[in-house]
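These notes are about the structure you will find just below.
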Amino acid sequence: MAHEVSGDRTSVRAATPSRRTILQLAGFLGAGAFGGPLLSACAGPTGQSSAVTGGGEGGSLSIVLNRNLVSLDNKLNQYDAAVTVQRAVREALTRIGDDLTPQLVLAESFEATSPTVWTVKLRNDIHYSDNSKVTVEDVETALKYYFQVKAGYVASQFPEQPAFAKIDDRTFTLTTKKPVVSLMSLMSNILITPAKANKPEELQGGIGSGPFVIAKSDSGTGSYTLTRNDNYWGELAHLQQVNVSYQEEEGGRVVALTSGQADVIDTITPESAAKLKTDPKVDVIETPGTRLIHLFYNFREPAGHPLSKVEVREALSHAIDHASLIKALMNNQVSSAEGVVPKTLSGFYKTGDYVYDPAKAKAMLAAAGATGLKLRVIWEDAEFSGASQVLEAVAQMLNAVGVSLELKMIPKGGEINAWRRGESGDWDVLANGYGNQTGLAITNLVAQYAGTAEKEKTRDTYHGFVVPQITDLLDRASQEVDEAKQTALLDEAQKLIWAQWPAMWAWTPNNVLAKRKRVRGLRLRPTNAYDLRAISVVGS
Amino acid sequence: MTTATAQSTDIPGTVVTPARLRRSAAARRHRYSRIKMWLGAVCAGVVIIPVLLAQVLPLQDPVNGSLAQALLPPMTDGHLFGTDANGRDLLSRVLHGGQTSLLIGCLAVLVSGAIGIVAGSLAGYYGGWIDTVVSRLLEAQMSLPLLLMLLLVVALFGPSILVITLVIAIAQWPEPARITRSLVLVEREKPYVAAARVLGLHRLTIIGRLIIPNILQQALVVVFLLLAQAVLLESALSFLGAGVQRPYPTWGGIISDGRQLFITGQWWLVTIPGLVIALLVIGVNLFGDGLRDRVRRTKAAS
């Protein structure tokens, strides 16, 4: 020991390190040895890929979505990016092609044999991944269940449920009470599953007739592994495997892509897109979208409420400086709406522009006796890119014309549906995105603006929008076989809808997707989806 | 031997020299506690003083900004901390956001301290079924995942300053309650308490007028240390979107918004409020730690 005794006194040598010093030194060294590698590991992506790129034909693809896929079924849940994965496993009678027109998939023919009757013949060579045949009964069951499921997203786009009648083992008819000219496009959303395995609810597993099969799934974590369906009835997919996961954090997804852990990320913000464009290993693909995002008014307000006046709704629109919003918060990757549906859709009619004129807004509000208006805006977390920032800026703009806005973000998890139906609380404006998977303006128009008093009793209208004259026009347009007449009816309906000022502002974001350069054959459609079968991954 | 002899010349007949005293464990602890308190006061003061003065400082509006000035880096166009995506001055938002965080933190600490000291005193003094009930409640609450519980309550009752304050206060009461209970267990056995009982004082009077004043100093140090935790909890709730609603700034909310932009080079939106939170938490903890050392020493000396 480092001490010496002098008589009855003990003195400690100053030059000898004490136990405390030794322990402190050991502590520092230990922390350095442990923390050093940890810190360097945390410093950033190494650029090395942990993804399995696979050496097989086409390799393996890793997709990181921004929202949980929840299921591989679209009865309740069909946001844009999910469609890509859902249709890799299950197919429909038709699909919407790159030019937004319907194309045949499981159907060999899909013909209108009379104004209200469509005759469909299934292909002879189609079968599921287990080699069992796709039958007429499977189609009947699928159609029935899409309409049975409560608050179904797909069913609401049909003007009515078509009656099903089997003719033979491959042929059946779909009959409607009134003509539904867009039925072929609408049926592209009805994904076919074996009747015995189908249920009137979202399916978490099961088989389909698509080019991939589900190897592993976990809806809780949003992780899915698809493998190539070697029994596919059509041309086989190039990829051996597709790994789907979700990462809510945009920064995490960008890092995953740049480090090579992910091959494709979609629905990215303008800021991330600008950053990724500078990465030599990454391609950013941008196409005009079919999704409309709008600040939609609550049409369930009582008659005396200021928002029930058209002039007030119009006045609020004039308070929105959309050019500044698009430039500062959306990096010029969206276009302000020029009508009530996205202009990319077939049947779009330009009804007007949103004009920023705060002086006019103030004057109109004063004339309508709506000064000092207080409104509540709700939106679901991450409903669209930069939602919180956009709505804070909107609140500031409205504040400048004397309207105060209460912002209420609804967390993810399904509660937004109750809010939309007015069951969870009152609101005045909903910031909401509305996707379109048919390429037709009439799909949006019917689902959003063809509300009836009957539907409103069960709160199945689009936020209470019920204008009988518009509903009548849309009904007639849905039934009109003559294309010119249908266009005229749709134009008229869109003019009337615009005159109602249903939204404070609306815009259509571009579809923005980023992929590693090693991913080949990816063609992003206006519907923000792509065909996984055509993709291959080359090299690392 | 030589060294010992040489040093003992300072004070004849002893080896206790001023130099050795300075190196002694007690003196070192004293020095450390003083350094900790000074360092803590400086760190916390750097944050707290400007936050308290936010209303009188010549700052820009924390809620309304100019989109034309979006995402300016620090030290640009008169924006010391830069601007956010909505063109709002980050310094102003950080300072005004700090008012919300500190208000919630202080209120939560006051409420949790009051609940904890009262419950802990009753449990420690009365014992029996009161002690059993309080102790089991403590254990039950401490076994729950704190943040999850907070999120649940905020989801149920909505995010407002009152709800968030109460939720954090109720989440934090076990800590002061435990320390108070153990201190009261010691105090109640002391002669002055026995004397008070003999004099016929009511038990609540004994607790309120004799015991609590004696243990308050130590209990308050623990309560003070909870301030840092309360600020962190409030920031965590805001970060997760369960804090005070937009557009009012909160530290957690500013970081939450900024994290999307961090990857694209706008580092200041996350880093600066993060540093502010870290400074405050380190400062409060260092100060509280130093204070605890000092209180412990004073108690031991007395």
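Letters A, B, ... mark the chains of the structure tokens in the order given; residue numbers begin at 1 per chain; ligand numbers begin at 1, in order shown.
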
Contact table chain A vs chain B, cut-off 7 Å, shortest pair per residue, only C-alpha atoms, as JSON lines:
{"residue": "A:Ser6", "atom": "CA", "partner": "B:Met1", "partner_atom": "CA", "distance": 5.7}
{"residue": "A:Ser11", "atom": "CA", "partner": "B:Ala4", "partner_atom": "CA", "distance": 6.1}
{"residue": "A:Glu250", "atom": "CA", "partner": "B:Gln260", "partner_atom": "CA", "distance": 6.0}
{"residue": "A:Gly251", "atom": "CA", "partner": "B:Ile263", "partner_atom": "CA", "distance": 5.6}
{"residue": "A:Glu271", "atom": "CA", "partner": "B:Thr264", "partner_atom": "CA", "distance": 6.4}
{"residue": "A:Ser272", "atom": "CA", "partner": "B:Thr264", "partner_atom": "CA", "distance": 6.1}
{"residue": "A:Lys275", "atom": "CA", "partner": "B:Thr264", "partner_atom": "CA", "distance": 5.7}
{"residue": "A:Ser324", "atom": "CA", "partner": "B:Leu67", "partner_atom": "CA", "distance": 6.6}
{"residue": "A:Ala328", "atom": "CA", "partner": "B:Leu67", "partner_atom": "CA", "distance": 6.0}
{"residue": "A:Leu329", "atom": "CA", "partner": "B:Ala85", "partner_atom": "CA", "distance": 6.8}
{"residue": "A:Gln389", "atom": "CA", "partner": "B:Asn86", "partner_atom": "CA", "distance": 6.5}
{"residue": "A:Glu392", "atom": "CA", "partner": "B:Pro247", "partner_atom": "CA", "distance": 6.0}
{"residue": "A:Ala393", "atom": "CA", "partner": "B:Asn86", "partner_atom": "CA", "distance": 6.5}
{"residue": "A:Gln396", "atom": "CA", "partner": "B:Asn64", "partner_atom": "CA", "distance": 5.9}
{"residue": "A:Leu407", "atom": "CA", "partner": "B:Arg246", "partner_atom": "CA", "distance": 6.0}
{"residue": "A:Lys408", "atom": "CA", "partner": "B:Gln245", "partner_atom": "CA", "distance": 6.8}

Just to be explicit: take each residue in the selection above, keep C-alpha atoms, and write the result as a short mmCIF file (atom, residue, chain, number, x, y, z; two decimals), in the first residue's frame.
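Result file follows (result.cif):
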data_model
loop_
_atom_site.label_atom_id
_atom_site.label_comp_id
_atom_site.auth_asym_id
_atom_site.auth_seq_id
_atom_site.Cartn_x
_atom_site.Cartn_y
_atom_site.Cartn_z
CA SER A 6 5.61 7.93 11.20
CA SER A 11 0.86 10.41 5.86
CA GLU A 250 -39.53 11.25 -43.00
CA GLY A 251 -35.93 11.79 -41.97
CA GLU A 271 -37.68 19.47 -48.84
CA SER A 272 -36.60 15.84 -48.86
CA LYS A 275 -32.20 17.05 -50.86
CA SER A 324 -46.91 31.97 -50.91
CA ALA A 328 -42.57 28.55 -49.17
CA LEU A 329 -44.07 25.39 -47.72
CA GLN A 389 -47.03 24.08 -41.10
CA GLU A 392 -50.48 27.28 -39.07
CA ALA A 393 -49.81 29.55 -42.04
CA GLN A 396 -52.10 33.35 -39.70
CA LEU A 407 -56.08 24.06 -34.85
CA LYS A 408 -56.82 20.54 -33.70
#

Quick one: residues within 9 Å of stretch 200-214 of chain B, only C-alpha atoms, excluding same-chain residues fewer than 3 positions away - as a short mmCIF file (atom, residue, chain, number, x, y, z; two decimals) with C-alpha atoms, in the first residue's frame?
data_model
loop_
_atom_site.label_atom_id
_atom_site.label_comp_id
_atom_site.auth_asym_id
_atom_site.auth_seq_id
_atom_site.Cartn_x
_atom_site.Cartn_y
_atom_site.Cartn_z
CA ILE B 117 -45.34 15.81 1.11
CA VAL B 118 -48.86 15.59 2.55
CA SER B 121 -46.18 12.71 6.02
CA LEU B 122 -49.50 11.07 6.79
CA TYR B 125 -46.61 9.44 10.90
CA TYR B 126 -49.81 7.44 11.14
CA THR B 180 -41.13 12.43 2.96
CA VAL B 184 -41.12 11.36 8.87
CA GLU B 187 -38.62 12.28 12.89
CA ARG B 188 -41.61 10.79 14.67
CA TYR B 192 -39.49 16.60 20.56
CA VAL B 193 -42.34 14.71 18.90
CA ALA B 195 -42.86 15.80 24.06
CA ALA B 196 -45.47 17.31 21.82
CA ARG B 197 -47.62 14.20 22.20
CA GLN B 217 -35.69 21.42 3.42
CA GLN B 218 -34.71 17.92 2.33
#

If we count only C-alpha atoms, what is near A:Pro342 at a cut-off of 12 Å, once residues fewer than 5 positions away on the same chain are taken out, given as a PyMOL selection string?
chain A and resi 288-294+334-337+347-351+433-436+439-445+494+506-510+526-527

Store the residues of this selection in a file with C-alpha atoms, as a compact mmCIF listing (two decimals), in the first residue's frame.
# COMPACT_ATOMS: atom_id res chain seq x y z
CA PRO A 288 -48.82 15.05 -61.66
CA GLY A 289 -51.11 13.48 -59.08
CA THR A 290 -54.77 12.59 -58.89
CA ARG A 291 -55.13 13.27 -55.19
CA LEU A 292 -57.00 16.38 -54.18
CA ILE A 293 -56.28 17.94 -50.82
CA HIS A 294 -58.78 20.46 -49.62
CA VAL A 334 -48.33 21.25 -55.87
CA SER A 335 -50.77 23.10 -58.07
CA SER A 336 -53.66 25.13 -56.79
CA ALA A 337 -57.00 23.64 -57.84
CA GLY A 347 -63.97 14.74 -67.01
CA PHE A 348 -62.34 17.67 -65.19
CA TYR A 349 -63.88 21.07 -65.93
CA LYS A 350 -62.10 24.29 -65.11
CA THR A 351 -64.52 26.27 -63.02
CA GLY A 433 -56.87 14.39 -48.93
CA TYR A 434 -59.05 12.49 -51.37
CA GLY A 435 -57.34 9.96 -53.61
CA ASN A 436 -58.61 8.74 -56.94
CA GLY A 439 -58.76 8.30 -63.26
CA LEU A 440 -62.32 9.59 -63.63
CA ALA A 441 -63.62 12.88 -62.30
CA ILE A 442 -67.05 11.33 -61.88
CA THR A 443 -65.71 8.98 -59.17
CA ASN A 444 -64.74 11.92 -56.97
CA LEU A 445 -67.84 13.89 -57.84
CA GLN A 494 -68.86 21.08 -61.43
CA ALA A 506 -57.75 22.94 -52.61
CA TRP A 507 -54.60 21.74 -54.29
CA THR A 508 -53.17 18.73 -56.04
CA PRO A 509 -49.71 17.60 -55.01
CA ASN A 510 -47.40 15.97 -57.49
CA PRO A 526 -50.68 9.48 -61.84
CA THR A 527 -52.53 7.41 -59.23

Select from stretch 241-374 of chain A everything DSSP, run on the backbone, classes as alpha helix (DSSP H), then give the selection as an mmCIF file with C-alpha atoms, in the first residue's frame.
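Saved file selection.cif follows:
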data_model
loop_
_atom_site.group_PDB
_atom_site.id
_atom_site.type_symbol
_atom_site.label_atom_id
_atom_site.label_comp_id
_atom_site.auth_asym_id
_atom_site.auth_seq_id
_atom_site.Cartn_x
_atom_site.Cartn_y
_atom_site.Cartn_z
ATOM 1 C CA GLU A 250 -39.535 11.247 -43.003
ATOM 2 C CA GLY A 251 -35.925 11.791 -41.974
ATOM 3 C CA GLY A 252 -35.622 8.108 -41.133
ATOM 4 C CA ARG A 253 -36.946 7.132 -44.540
ATOM 5 C CA VAL A 254 -34.562 9.473 -46.333
ATOM 6 C CA VAL A 255 -31.605 8.100 -44.370
ATOM 7 C CA ALA A 256 -32.785 4.546 -45.102
ATOM 8 C CA LEU A 257 -32.792 5.335 -48.811
ATOM 9 C CA THR A 258 -29.488 7.169 -48.954
ATOM 10 C CA PRO A 270 -40.626 18.805 -51.166
ATOM 11 C CA GLU A 271 -37.683 19.467 -48.836
ATOM 12 C CA SER A 272 -36.598 15.838 -48.861
ATOM 13 C CA ALA A 273 -37.083 15.631 -52.623
ATOM 14 C CA ALA A 274 -34.804 18.646 -53.106
ATOM 15 C CA LYS A 275 -32.196 17.053 -50.858
ATOM 16 C CA LEU A 276 -32.419 13.648 -52.546
ATOM 17 C CA VAL A 310 -71.963 30.932 -49.492
ATOM 18 C CA GLU A 311 -70.567 34.478 -49.258
ATOM 19 C CA VAL A 312 -68.740 33.674 -46.022
ATOM 20 C CA ARG A 313 -67.243 30.521 -47.505
ATOM 21 C CA GLU A 314 -66.097 32.459 -50.559
ATOM 22 C CA ALA A 315 -64.719 35.309 -48.437
ATOM 23 C CA LEU A 316 -62.526 32.912 -46.451
ATOM 24 C CA SER A 317 -61.087 31.578 -49.716
ATOM 25 C CA HIS A 318 -59.929 35.053 -50.643
ATOM 26 C CA HIS A 322 -51.895 30.100 -51.848
ATOM 27 C CA ALA A 323 -49.008 31.336 -54.019
ATOM 28 C CA SER A 324 -46.910 31.969 -50.907
ATOM 29 C CA LEU A 325 -47.934 28.662 -49.377
ATOM 30 C CA ILE A 326 -46.986 26.776 -52.534
ATOM 31 C CA LYS A 327 -43.653 28.537 -52.818
ATOM 32 C CA ALA A 328 -42.574 28.554 -49.169
ATOM 33 C CA PRO A 358 -57.606 39.907 -48.300
ATOM 34 C CA ALA A 359 -59.330 43.286 -48.711
ATOM 35 C CA LYS A 360 -62.195 41.611 -50.565
ATOM 36 C CA ALA A 361 -62.292 38.887 -47.916
ATOM 37 C CA LYS A 362 -62.653 41.456 -45.145
ATOM 38 C CA ALA A 363 -65.322 43.379 -47.022
ATOM 39 C CA MET A 364 -67.332 40.241 -47.801
ATOM 40 C CA LEU A 365 -67.122 39.032 -44.212
ATOM 41 C CA ALA A 366 -68.287 42.411 -42.951
ATOM 42 C CA ALA A 367 -71.136 42.466 -45.466
#

So that I can see what lies close to B:Gly78, please list as a PyMOL selection string the residues with an atom at most 12 Å from it, counting only C-alpha atoms and leaving out residues fewer than 2 positions away in the same chain.
chain B and resi 58-60+69+72-76+80-83+88-92

Long-range neighbours of A:Ala163 as a PyMOL selection string, 9 Å cut-off, only C-alpha atoms, 3 positions minimum in chain:
chain A and resi 173-177

Which of A:Ser223, A:Val519, A:Ser185, A:Leu69 sits closest to A:Pro102 [using only C-alpha atoms]
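Closest to A:Pro102, using only C-alpha atoms: A:Ser185.
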
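For stretch 234-246 of chain A, the list of residues within 6 Å, based on only C-alpha atoms and with local chain neighbours fewer than 6 positions off taken out, reads A:Gly58, A:Gly59, A:Ser60, A:Leu61, A:Ser62, A:Ile63, A:Val64, A:Leu65, A:Asn66, A:Arg67, A:Asn68, A:Gly222, A:Ser223, A:Tyr224, A:Thr225, A:Leu226, A:Thr227, A:Arg228, A:Arg533, A:Ser536.
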
Write out as an mmCIF file with N, CA and C atoms, in the first residue's frame the set of residues from stretch 93-213 of chain A that DSSP, computed on the backbone, places in strand (DSSP E or B).
data_model
loop_
_atom_site.group_PDB
_atom_site.id
_atom_site.type_symbol
_atom_site.label_atom_id
_atom_site.label_comp_id
_atom_site.auth_asym_id
_atom_site.auth_seq_id
_atom_site.Cartn_x
_atom_site.Cartn_y
_atom_site.Cartn_z
ATOM 1 N N THR A 94 -60.369 -5.405 -63.602
ATOM 2 C CA THR A 94 -59.724 -4.407 -64.473
ATOM 3 C C THR A 94 -58.682 -3.650 -63.668
ATOM 4 N N ARG A 95 -57.936 -2.835 -64.336
ATOM 5 C CA ARG A 95 -57.021 -1.932 -63.644
ATOM 6 C C ARG A 95 -56.966 -0.618 -64.430
ATOM 7 N N ILE A 96 -56.494 0.417 -63.751
ATOM 8 C CA ILE A 96 -56.359 1.713 -64.409
ATOM 9 C C ILE A 96 -54.934 1.825 -64.944
ATOM 10 N N PRO A 102 -59.392 2.341 -68.170
ATOM 11 C CA PRO A 102 -59.457 0.972 -67.634
ATOM 12 C C PRO A 102 -58.927 -0.066 -68.625
ATOM 13 N N GLN A 103 -58.202 -1.037 -68.072
ATOM 14 C CA GLN A 103 -57.673 -2.136 -68.892
ATOM 15 C C GLN A 103 -58.088 -3.451 -68.251
ATOM 16 N N LEU A 104 -58.192 -4.473 -69.067
ATOM 17 C CA LEU A 104 -58.640 -5.770 -68.544
ATOM 18 C C LEU A 104 -57.508 -6.493 -67.823
ATOM 19 N N ALA A 107 -60.557 -10.103 -66.204
ATOM 20 C CA ALA A 107 -61.667 -10.225 -67.167
ATOM 21 C C ALA A 107 -61.110 -10.332 -68.590
ATOM 22 N N GLU A 108 -61.731 -11.228 -69.331
ATOM 23 C CA GLU A 108 -61.363 -11.343 -70.754
ATOM 24 C C GLU A 108 -62.134 -10.303 -71.548
ATOM 25 N N SER A 109 -63.382 -10.072 -71.105
ATOM 26 C CA SER A 109 -64.188 -9.026 -71.731
ATOM 27 C C SER A 109 -65.070 -8.381 -70.674
ATOM 28 N N PHE A 110 -65.383 -7.124 -70.866
ATOM 29 C CA PHE A 110 -66.204 -6.366 -69.916
ATOM 30 C C PHE A 110 -67.021 -5.402 -70.765
ATOM 31 N N GLU A 111 -68.226 -5.813 -71.115
ATOM 32 C CA GLU A 111 -68.974 -5.052 -72.121
ATOM 33 C C GLU A 111 -70.354 -4.657 -71.612
ATOM 34 N N ALA A 112 -70.781 -3.471 -72.023
ATOM 35 C CA ALA A 112 -72.137 -3.030 -71.694
ATOM 36 C C ALA A 112 -73.087 -3.635 -72.729
ATOM 37 N N THR A 113 -73.876 -4.617 -72.290
ATOM 38 C CA THR A 113 -74.790 -5.264 -73.232
ATOM 39 C C THR A 113 -76.134 -4.536 -73.289
ATOM 40 N N SER A 114 -76.369 -3.688 -72.345
ATOM 41 C CA SER A 114 -77.518 -2.773 -72.376
ATOM 42 C C SER A 114 -77.134 -1.603 -71.460
ATOM 43 N N VAL A 117 -76.858 -3.085 -68.000
ATOM 44 C CA VAL A 117 -76.305 -4.436 -67.810
ATOM 45 C C VAL A 117 -74.918 -4.527 -68.446
ATOM 46 N N TRP A 118 -73.985 -5.010 -67.634
ATOM 47 C CA TRP A 118 -72.631 -5.259 -68.126
ATOM 48 C C TRP A 118 -72.393 -6.762 -68.078
ATOM 49 N N THR A 119 -71.866 -7.273 -69.145
ATOM 50 C CA THR A 119 -71.567 -8.700 -69.178
ATOM 51 C C THR A 119 -70.056 -8.878 -69.115
ATOM 52 N N VAL A 120 -69.648 -9.710 -68.157
ATOM 53 C CA VAL A 120 -68.216 -9.886 -67.912
ATOM 54 C C VAL A 120 -67.859 -11.353 -68.102
ATOM 55 N N LYS A 121 -66.769 -11.559 -68.791
ATOM 56 C CA LYS A 121 -66.288 -12.930 -68.962
ATOM 57 C C LYS A 121 -64.885 -13.020 -68.376
ATOM 58 N N LEU A 122 -64.686 -14.003 -67.510
ATOM 59 C CA LEU A 122 -63.363 -14.164 -66.896
ATOM 60 C C LEU A 122 -62.416 -14.839 -67.873
ATOM 61 N N HIS A 127 -55.679 -18.096 -62.323
ATOM 62 C CA HIS A 127 -55.778 -18.920 -61.110
ATOM 63 C C HIS A 127 -55.034 -18.238 -59.977
ATOM 64 N N LYS A 133 -58.702 -22.231 -59.321
ATOM 65 C CA LYS A 133 -59.241 -21.331 -60.343
ATOM 66 C C LYS A 133 -59.917 -20.104 -59.707
ATOM 67 N N ALA A 163 -76.227 -5.531 -59.156
ATOM 68 C CA ALA A 163 -76.756 -6.877 -58.875
ATOM 69 C C ALA A 163 -75.972 -7.882 -59.697
ATOM 70 N N PHE A 164 -75.650 -8.992 -59.071
ATOM 71 C CA PHE A 164 -74.773 -9.982 -59.708
ATOM 72 C C PHE A 164 -75.617 -11.153 -60.196
ATOM 73 N N ALA A 165 -75.351 -11.631 -61.388
ATOM 74 C CA ALA A 165 -76.063 -12.829 -61.894
ATOM 75 C C ALA A 165 -75.093 -13.684 -62.691
ATOM 76 N N LYS A 166 -75.024 -14.950 -62.279
ATOM 77 C CA LYS A 166 -74.098 -15.866 -62.956
ATOM 78 C C LYS A 166 -74.745 -16.389 -64.240
ATOM 79 N N THR A 171 -68.839 -16.612 -66.971
ATOM 80 C CA THR A 171 -69.529 -15.385 -67.381
ATOM 81 C C THR A 171 -70.577 -14.976 -66.350
ATOM 82 N N PHE A 172 -70.715 -13.675 -66.163
ATOM 83 C CA PHE A 172 -71.739 -13.155 -65.258
ATOM 84 C C PHE A 172 -72.135 -11.758 -65.729
ATOM 85 N N THR A 173 -73.234 -11.294 -65.154
ATOM 86 C CA THR A 173 -73.672 -9.934 -65.495
ATOM 87 C C THR A 173 -73.708 -9.080 -64.230
ATOM 88 N N LEU A 174 -73.484 -7.807 -64.435
ATOM 89 C CA LEU A 174 -73.628 -6.818 -63.362
ATOM 90 C C LEU A 174 -74.724 -5.868 -63.807
ATOM 91 N N THR A 175 -75.797 -5.839 -63.032
ATOM 92 C CA THR A 175 -76.956 -5.037 -63.438
ATOM 93 C C THR A 175 -77.200 -3.941 -62.414
ATOM 94 N N PHE A 212 -47.317 -11.804 -56.739
ATOM 95 C CA PHE A 212 -46.584 -12.076 -55.497
ATOM 96 C C PHE A 212 -47.493 -12.755 -54.481
ATOM 97 N N VAL A 213 -46.872 -13.471 -53.561
ATOM 98 C CA VAL A 213 -47.622 -14.082 -52.465
ATOM 99 C C VAL A 213 -47.072 -13.551 -51.143
#

Would you list the contacts of A:Pro179 as a list in words, taking every protein, DNA or RNA residue within 9 Å and counting only C-alpha atoms, but skipping same-chain residues closer than 4 positions in sequence?
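The contact residues come out as Ser114, Pro115, Thr116, Val117, Thr175, Leu183, Arg476, Ser478, Gln479, Glu480 and Val481 of chain A.
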
Could those selected residues go to a file with C-alpha atoms, as a PDB file, in the first residue's frame?
ATOM      1  CA  SER A 114     -77.518  -2.773 -72.376  1.00  0.00           C
ATOM      2  CA  PRO A 115     -77.491   0.629 -70.610  1.00  0.00           C
ATOM      3  CA  THR A 116     -77.884  -1.044 -67.213  1.00  0.00           C
ATOM      4  CA  VAL A 117     -76.305  -4.436 -67.810  1.00  0.00           C
ATOM      5  CA  THR A 175     -76.956  -5.037 -63.438  1.00  0.00           C
ATOM      6  CA  LEU A 183     -68.522   0.624 -63.841  1.00  0.00           C
ATOM      7  CA  ARG A 476     -77.896  11.713 -64.695  1.00  0.00           C
ATOM      8  CA  SER A 478     -73.580   8.508 -64.104  1.00  0.00           C
ATOM      9  CA  GLN A 479     -76.339   7.045 -66.226  1.00  0.00           C
ATOM     10  CA  GLU A 480     -75.611   8.883 -69.446  1.00  0.00           C
ATOM     11  CA  VAL A 481     -74.244   6.591 -72.117  1.00  0.00           C
TER      12      VAL A 481
END
